[in-house]
$ cat coords_39.pdb   # PDB, C-alpha atoms, pLDDT in the B column
ATOM      1  CA  MET A   1      56.867 196.107  74.306  1.00 42.00           C
ATOM      2  CA  SER A   2      54.918 194.762  77.241  1.00 50.00           C
ATOM      3  CA  VAL A   3      53.235 191.407  77.132  1.00 55.00           C
ATOM      4  CA  ASN A   4      49.794 191.313  78.747  1.00 60.00           C
ATOM      5  CA  LYS A   5      49.601 188.272  80.934  1.00 69.00           C
ATOM      6  CA  LYS A   6      46.237 186.728  81.583  1.00 79.00           C
ATOM      7  CA  LYS A   7      45.001 187.209  85.139  1.00 80.00           C
ATOM      8  CA  PRO A   8      45.554 183.968  87.072  1.00 86.00           C
ATOM      9  CA  ASN A   9      42.375 182.188  88.150  1.00 89.00           C
ATOM     10  CA  TYR A  10      41.415 182.982  91.748  1.00 90.00           C
ATOM     11  CA  LEU A  11      40.092 179.523  92.647  1.00 92.00           C
ATOM     12  CA  ARG A  12      43.046 177.754  91.076  1.00 92.00           C
ATOM     13  CA  SER A  13      45.469 179.923  93.028  1.00 92.00           C
ATOM     14  CA  VAL A  14      43.575 179.343  96.294  1.00 92.00           C
ATOM     15  CA  PHE A  15      43.359 175.564  95.811  1.00 93.00           C
ATOM     16  CA  ASN A  16      47.041 175.434  94.861  1.00 93.00           C
ATOM     17  CA  ASN A  17      47.956 177.534  97.929  1.00 92.00           C
ATOM     18  CA  ARG A  18      49.482 180.394  95.977  1.00 93.00           C
ATOM     19  CA  CYS A  19      50.114 183.920  97.180  1.00 93.00           C
ATOM     20  CA  PRO A  20      46.977 186.044  96.737  1.00 92.00           C
ATOM     21  CA  ARG A  21      48.975 189.119  95.693  1.00 91.00           C
ATOM     22  CA  CYS A  22      50.893 187.634  92.745  1.00 91.00           C
ATOM     23  CA  ARG A  23      49.147 184.226  92.502  1.00 91.00           C
ATOM     24  CA  GLU A  24      52.501 182.674  91.674  1.00 90.00           C
ATOM     25  CA  GLY A  25      54.506 181.973  94.824  1.00 91.00           C
ATOM     26  CA  LYS A  26      53.749 179.068  97.156  1.00 93.00           C
ATOM     27  CA  ILE A  27      52.728 180.148 100.640  1.00 93.00           C
ATOM     28  CA  PHE A  28      53.552 176.801 102.295  1.00 93.00           C
ATOM     29  CA  THR A  29      57.124 175.584 102.550  1.00 92.00           C
ATOM     30  CA  HIS A  30      56.235 171.912 101.964  1.00 91.00           C
ATOM     31  CA  ASN A  31      53.981 170.566  99.231  1.00 90.00           C
ATOM     32  CA  ASN A  32      52.714 167.471 101.060  1.00 90.00           C
ATOM     33  CA  PRO A  33      49.790 168.356 103.363  1.00 90.00           C
ATOM     34  CA  TYR A  34      49.948 164.899 104.942  1.00 92.00           C
ATOM     35  CA  ASN A  35      53.419 165.462 106.370  1.00 91.00           C
ATOM     36  CA  LEU A  36      51.782 166.386 109.648  1.00 88.00           C
ATOM     37  CA  SER A  37      54.900 167.671 111.392  1.00 89.00           C
ATOM     38  CA  LYS A  38      55.423 170.277 108.639  1.00 89.00           C
ATOM     39  CA  ASN A  39      51.835 170.649 107.424  1.00 87.00           C
ATOM     40  CA  MET A  40      51.253 174.257 108.471  1.00 87.00           C
ATOM     41  CA  GLN A  41      54.751 175.698 108.014  1.00 89.00           C
ATOM     42  CA  MET A  42      54.376 178.809 105.917  1.00 89.00           C
ATOM     43  CA  ALA A  43      57.018 180.924 104.297  1.00 88.00           C
ATOM     44  CA  ALA A  44      57.450 184.254 106.073  1.00 86.00           C
ATOM     45  CA  ASN A  45      57.154 186.007 102.709  1.00 88.00           C
ATOM     46  CA  CYS A  46      56.018 184.953  99.261  1.00 90.00           C
ATOM     47  CA  PRO A  47      59.031 183.665  97.303  1.00 91.00           C
ATOM     48  CA  SER A  48      57.863 185.498  94.159  1.00 89.00           C
ATOM     49  CA  CYS A  49      56.639 188.922  95.274  1.00 89.00           C
ATOM     50  CA  GLY A  50      57.762 189.161  98.908  1.00 88.00           C
ATOM     51  CA  GLN A  51      54.251 189.601 100.361  1.00 89.00           C
ATOM     52  CA  PRO A  52      54.301 188.800 104.103  1.00 88.00           C
ATOM     53  CA  THR A  53      52.093 185.816 104.916  1.00 87.00           C
ATOM     54  CA  GLU A  54      51.453 186.793 108.528  1.00 84.00           C
ATOM     55  CA  LEU A  55      49.826 190.201 108.617  1.00 82.00           C
ATOM     56  CA  GLU A  56      49.590 190.506 112.387  1.00 79.00           C
ATOM     57  CA  VAL A  57      50.085 188.458 115.518  1.00 75.00           C
ATOM     58  CA  GLY A  58      47.388 185.781 115.697  1.00 77.00           C
ATOM     59  CA  PHE A  59      46.259 186.508 112.138  1.00 81.00           C
ATOM     60  CA  TYR A  60      45.297 182.924 111.396  1.00 85.00           C
ATOM     61  CA  TYR A  61      42.975 182.445 114.392  1.00 88.00           C
ATOM     62  CA  GLY A  62      40.103 183.351 112.075  1.00 89.00           C
ATOM     63  CA  THR A  63      40.794 180.334 109.902  1.00 91.00           C
ATOM     64  CA  GLY A  64      38.933 178.245 112.463  1.00 91.00           C
ATOM     65  CA  TYR A  65      35.700 179.779 111.212  1.00 94.00           C
ATOM     66  CA  VAL A  66      36.653 179.137 107.588  1.00 94.00           C
ATOM     67  CA  SER A  67      37.601 175.545 108.379  1.00 94.00           C
ATOM     68  CA  TYR A  68      34.306 175.073 110.201  1.00 95.00           C
ATOM     69  CA  GLY A  69      32.401 176.376 107.175  1.00 96.00           C
ATOM     70  CA  LEU A  70      34.337 174.062 104.877  1.00 95.00           C
ATOM     71  CA  SER A  71      33.598 171.095 107.136  1.00 96.00           C
ATOM     72  CA  VAL A  72      29.869 171.895 107.252  1.00 97.00           C
ATOM     73  CA  ALA A  73      29.761 172.275 103.460  1.00 97.00           C
ATOM     74  CA  PHE A  74      31.614 168.971 103.058  1.00 97.00           C
ATOM     75  CA  THR A  75      29.214 167.226 105.456  1.00 96.00           C
ATOM     76  CA  VAL A  76      26.159 168.589 103.633  1.00 97.00           C
ATOM     77  CA  ALA A  77      27.654 167.505 100.295  1.00 96.00           C
ATOM     78  CA  THR A  78      28.313 163.960 101.543  1.00 95.00           C
ATOM     79  CA  PHE A  79      24.811 163.786 103.017  1.00 94.00           C
ATOM     80  CA  VAL A  80      23.191 164.833  99.732  1.00 94.00           C
ATOM     81  CA  ALA A  81      25.396 162.451  97.746  1.00 94.00           C
ATOM     82  CA  TRP A  82      24.593 159.586 100.139  1.00 92.00           C
ATOM     83  CA  LYS A  83      20.880 160.343 100.039  1.00 90.00           C
ATOM     84  CA  VAL A  84      20.820 160.472  96.227  1.00 92.00           C
ATOM     85  CA  LEU A  85      23.147 157.557  95.497  1.00 92.00           C
ATOM     86  CA  ILE A  86      22.401 155.112  98.309  1.00 88.00           C
ATOM     87  CA  GLY A  87      19.182 156.371  99.783  1.00 82.00           C
ATOM     88  CA  MET A  88      18.227 156.874 103.365  1.00 78.00           C
ATOM     89  CA  THR A  89      15.117 157.053 105.472  1.00 76.00           C
ATOM     90  CA  PHE A  90      14.630 158.030 109.053  1.00 75.00           C
ATOM     91  CA  ASP A  91      12.795 154.841 109.997  1.00 76.00           C
ATOM     92  CA  ILE A  92      13.758 153.156 113.230  1.00 77.00           C
ATOM     93  CA  ASP A  93      14.992 150.070 111.356  1.00 80.00           C
ATOM     94  CA  ASP A  94      17.109 151.934 108.770  1.00 80.00           C
ATOM     95  CA  ASN A  95      20.728 152.194 109.897  1.00 85.00           C
ATOM     96  CA  ARG A  96      22.042 153.827 106.714  1.00 87.00           C
ATOM     97  CA  ILE A  97      22.237 157.212 108.419  1.00 88.00           C
ATOM     98  CA  PHE A  98      24.776 155.757 110.853  1.00 90.00           C
ATOM     99  CA  TYR A  99      26.796 154.337 107.948  1.00 91.00           C
ATOM    100  CA  TRP A 100      26.767 157.781 106.358  1.00 92.00           C
ATOM    101  CA  LEU A 101      27.813 159.378 109.639  1.00 93.00           C
ATOM    102  CA  ALA A 102      30.743 156.982 110.038  1.00 96.00           C
ATOM    103  CA  THR A 103      31.790 157.553 106.421  1.00 95.00           C
ATOM    104  CA  ASP A 104      31.522 161.314 106.827  1.00 96.00           C
ATOM    105  CA  ILE A 105      33.614 161.343 109.999  1.00 97.00           C
ATOM    106  CA  PHE A 106      36.245 159.166 108.333  1.00 97.00           C
ATOM    107  CA  LEU A 107      36.384 161.430 105.266  1.00 96.00           C
ATOM    108  CA  LEU A 108      36.557 164.578 107.426  1.00 96.00           C
ATOM    109  CA  ILE A 109      39.520 163.163 109.324  1.00 96.00           C
ATOM    110  CA  ILE A 110      41.265 162.170 106.098  1.00 96.00           C
ATOM    111  CA  THR A 111      40.724 165.564 104.444  1.00 95.00           C
ATOM    112  CA  GLN A 112      41.470 167.687 107.524  1.00 95.00           C
ATOM    113  CA  PRO A 113      45.063 168.596 106.523  1.00 94.00           C
ATOM    114  CA  LEU A 114      43.784 169.753 103.135  1.00 94.00           C
ATOM    115  CA  GLN A 115      40.994 171.765 104.745  1.00 95.00           C
ATOM    116  CA  MET A 116      43.412 173.428 107.154  1.00 93.00           C
ATOM    117  CA  ARG A 117      45.631 174.585 104.299  1.00 93.00           C
ATOM    118  CA  LEU A 118      42.681 175.663 102.192  1.00 94.00           C
ATOM    119  CA  SER A 119      41.229 177.681 105.063  1.00 95.00           C
ATOM    120  CA  ARG A 120      44.551 179.527 105.534  1.00 93.00           C
ATOM    121  CA  SER A 121      44.784 180.224 101.827  1.00 94.00           C
ATOM    122  CA  LEU A 122      41.194 181.521 101.718  1.00 94.00           C
ATOM    123  CA  TRP A 123      41.704 183.631 104.839  1.00 94.00           C
ATOM    124  CA  LEU A 124      44.866 185.249 103.499  1.00 92.00           C
ATOM    125  CA  SER A 125      43.241 185.942 100.128  1.00 92.00           C
ATOM    126  CA  GLY A 126      40.451 187.793 101.916  1.00 91.00           C
ATOM    127  CA  PHE A 127      42.919 190.362 103.259  1.00 90.00           C
ATOM    128  CA  VAL A 128      45.508 190.590 100.487  1.00 89.00           C
ATOM    129  CA  PRO A 129      44.120 191.720  97.111  1.00 89.00           C
ATOM    130  CA  TYR A 130      45.477 190.602  93.756  1.00 90.00           C
ATOM    131  CA  ASP A 131      47.895 193.055  92.186  1.00 88.00           C
ATOM    132  CA  ALA A 132      48.449 192.532  88.445  1.00 86.00           C
ATOM    133  CA  LYS A 133      51.417 194.935  88.537  1.00 87.00           C
ATOM    134  CA  TRP A 134      53.005 193.542  91.683  1.00 84.00           C
ATOM    135  CA  LYS A 135      56.505 193.876  90.221  1.00 86.00           C
ATOM    136  CA  GLU A 136      56.066 197.646  89.998  1.00 87.00           C
ATOM    137  CA  HIS A 137      54.272 198.292  93.315  1.00 85.00           C
ATOM    138  CA  THR A 138      55.834 198.235  96.740  1.00 85.00           C
ATOM    139  CA  ILE A 139      54.553 195.867  99.386  1.00 82.00           C
ATOM    140  CA  LYS A 140      52.314 197.243 102.099  1.00 75.00           C
ATOM    141  CA  GLN A 141      54.100 196.221 105.283  1.00 73.00           C
ATOM    142  CA  PRO A 142      52.037 194.913 108.206  1.00 71.00           C
ATOM    143  CA  GLU A 143      51.530 197.425 110.986  1.00 69.00           C
ATOM    144  CA  ARG A 144      50.888 195.206 113.979  1.00 67.00           C
ATOM    145  CA  ILE A 145      53.807 192.797 113.919  1.00 66.00           C
ATOM    146  CA  VAL A 146      55.648 192.190 117.166  1.00 65.00           C
ATOM    147  CA  GLU A 147      58.549 189.856 116.406  1.00 66.00           C
ATOM    148  CA  GLY A 148      58.687 188.582 119.983  1.00 68.00           C
ATOM    149  CA  GLN A 149      55.067 187.424 119.812  1.00 64.00           C
ATOM    150  CA  MET A 150      55.272 185.595 116.478  1.00 61.00           C
ATOM    151  CA  ASN A 151      54.391 181.869 116.500  1.00 60.00           C
ATOM    152  CA  ASN A 152      53.262 181.855 120.137  1.00 60.00           C
ATOM    153  CA  TRP A 153      50.111 179.928 119.311  1.00 56.00           C
TER     154      TRP A 153
END

$ encode --input "coords_39.pdb" --output "structure tokens"
Amino acid sequence: MSVNKKKPNYLRSVFNNRCPRCREGKIFTHNNPYNLSKNMQMAANCPSCGQPTELEVGFYYGTGYVSYGLSVAFTVATFVAWKVLIGMTFDIDDNRIFYWLATDIFLLIITQPLQMRLSRSLWLSGFVPYDAKWKEHTIKQPERIVEGQMNNW
């Protein structure tokens, strides 16, 4: 008798940095994103399903665009929140826009390790689809892996 498991939530798995194929295994080797020396260390394969985390040499270069989009969205959100909660005008004597800018820069710096991990998780989930029957299916091996060129960035 097979037990039907509920499909894991996509957003929860992305925010928790889980493998996009099984949505169970952790893709980063360390849980603390603020341990900056080990922040971006990823497991070579998912510990649960064995899905490779690096699909080709330089695969994660595209996460710069995702991180940029996340930063812009965060900046727009802080601007709207500041405008609604504190208020702001563009008069010459109103310096609240500079206070918002300083606050936004500070918050972007503080959340940068989280955004870097989130951008990698989002990027990987865009190329590796969820497989509900991952235990039964074989893993599609990456085609363009050159072991000598890995981690040269």

$ residues_around --input "coords_39.pdb" --residues "His30 in chain A" --least-positions-apart "2" --cutoff "10 Å" --atoms "all atoms listed in the file" --output "PDB file with C-alpha atoms, keeping the file's coordinate frame"
ATOM      1  CA  LYS A  26      53.749 179.068  97.156  1.00 93.00           C
ATOM      2  CA  ILE A  27      52.728 180.148 100.640  1.00 93.00           C
ATOM      3  CA  PHE A  28      53.552 176.801 102.295  1.00 93.00           C
ATOM      4  CA  ASN A  32      52.714 167.471 101.060  1.00 90.00           C
ATOM      5  CA  PRO A  33      49.790 168.356 103.363  1.00 90.00           C
ATOM      6  CA  TYR A  34      49.948 164.899 104.942  1.00 92.00           C
ATOM      7  CA  ASN A  35      53.419 165.462 106.370  1.00 91.00           C
ATOM      8  CA  LYS A  38      55.423 170.277 108.639  1.00 89.00           C
ATOM      9  CA  ASN A  39      51.835 170.649 107.424  1.00 87.00           C
ATOM     10  CA  MET A  40      51.253 174.257 108.471  1.00 87.00           C
ATOM     11  CA  GLN A  41      54.751 175.698 108.014  1.00 89.00           C
ATOM     12  CA  MET A  42      54.376 178.809 105.917  1.00 89.00           C
ATOM     13  CA  ALA A  43      57.018 180.924 104.297  1.00 88.00           C
TER      14      ALA A  43
END

$ residues_around --input "coords_39.pdb" --residues "Ile86 in chain A" --least-positions-apart "6" --cutoff "12 Å" --atoms "only C-alpha atoms" --output "list in words"
Thr78, Phe79, Val80, Arg96, Ile97, Tyr99 and Trp100 of chain A

$ atom_distance --input "coords_39.pdb" --atom1 "CA of Pro52 in chain A" --atom2 "CA of Tyr10 in chain A"
18.8 Å

$ atom_distance --input "coords_39.pdb" --atom1 "CA of Ser48 in chain A" --atom2 "CA of Val66 in chain A"
25.9 Å

$ residues_near_point --input "coords_39.pdb" --point "(47.1, 185.6, 99.5)" --cutoff "7 Å" --atoms "all atoms listed in the file" --output "list in words"
Arg18, Cys19, Pro20, Arg21, Ser121, Leu124, Ser125 and Val128 of chain A

$ resolve_selection --input "coords_39.pdb" --expression "the PyMOL selection byres ((chain A and resi 49) around 10)" --output "ChimeraX atom specification"
/A:19,21-25,45-48,50-52,134-135,137-139

$ closest_residue --input "coords_39.pdb" --among "A:Asn95, A:Asn16, A:Leu108, A:Glu54" --to "Val72 in chain A" --atoms "all atoms listed in the file"
A:Leu108

$ atom_distance --input "coords_39.pdb" --atom1 "CA of Thr103 in chain A" --atom2 "CA of Ser71 in chain A"
13.7 Å

$ decode --input "coords_39.pdb" --residues "range 110-145 of chain A" --atoms "C-alpha atoms" --output "short mmCIF file (atom, residue, chain, number, x, y, z; two decimals), in the first residue's frame"
data_model
loop_
_atom_site.label_atom_id
_atom_site.label_comp_id
_atom_site.auth_asym_id
_atom_site.auth_seq_id
_atom_site.Cartn_x
_atom_site.Cartn_y
_atom_site.Cartn_z
CA ILE A 110 22.69 42.99 6.53
CA THR A 111 20.48 40.79 4.35
CA GLN A 112 23.03 40.19 1.58
CA PRO A 113 24.09 36.69 2.75
CA LEU A 114 20.43 35.66 2.83
CA GLN A 115 19.82 37.12 -0.62
CA MET A 116 22.85 35.32 -2.05
CA ARG A 117 21.60 31.97 -0.80
CA LEU A 118 18.05 32.67 -1.91
CA SER A 119 19.22 33.64 -5.39
CA ARG A 120 21.15 30.36 -5.73
CA SER A 121 18.17 28.37 -4.53
CA LEU A 122 15.84 30.17 -6.97
CA TRP A 123 18.30 29.77 -9.84
CA LEU A 124 18.72 26.04 -9.25
CA SER A 125 14.96 25.53 -8.96
CA GLY A 126 14.52 27.15 -12.36
CA PHE A 127 16.57 24.39 -14.01
CA VAL A 128 15.74 21.34 -11.91
CA PRO A 129 12.04 20.40 -11.86
CA TYR A 130 10.27 18.80 -8.92
CA ASP A 131 9.95 15.03 -9.19
CA ALA A 132 7.32 13.52 -6.88
CA LYS A 133 8.65 10.02 -7.64
CA TRP A 134 12.33 10.88 -7.29
CA LYS A 135 13.06 7.60 -5.49
CA GLU A 136 11.99 5.65 -8.57
CA HIS A 137 13.56 7.83 -11.30
CA THR A 138 17.22 8.04 -12.15
CA ILE A 139 19.04 11.34 -11.96
CA LYS A 140 19.75 13.19 -15.18
CA GLN A 141 23.50 13.71 -15.07
CA PRO A 142 24.93 17.06 -16.17
CA GLU A 143 26.47 17.03 -19.62
CA ARG A 144 28.91 19.92 -19.45
CA ILE A 145 30.91 19.18 -16.32
#
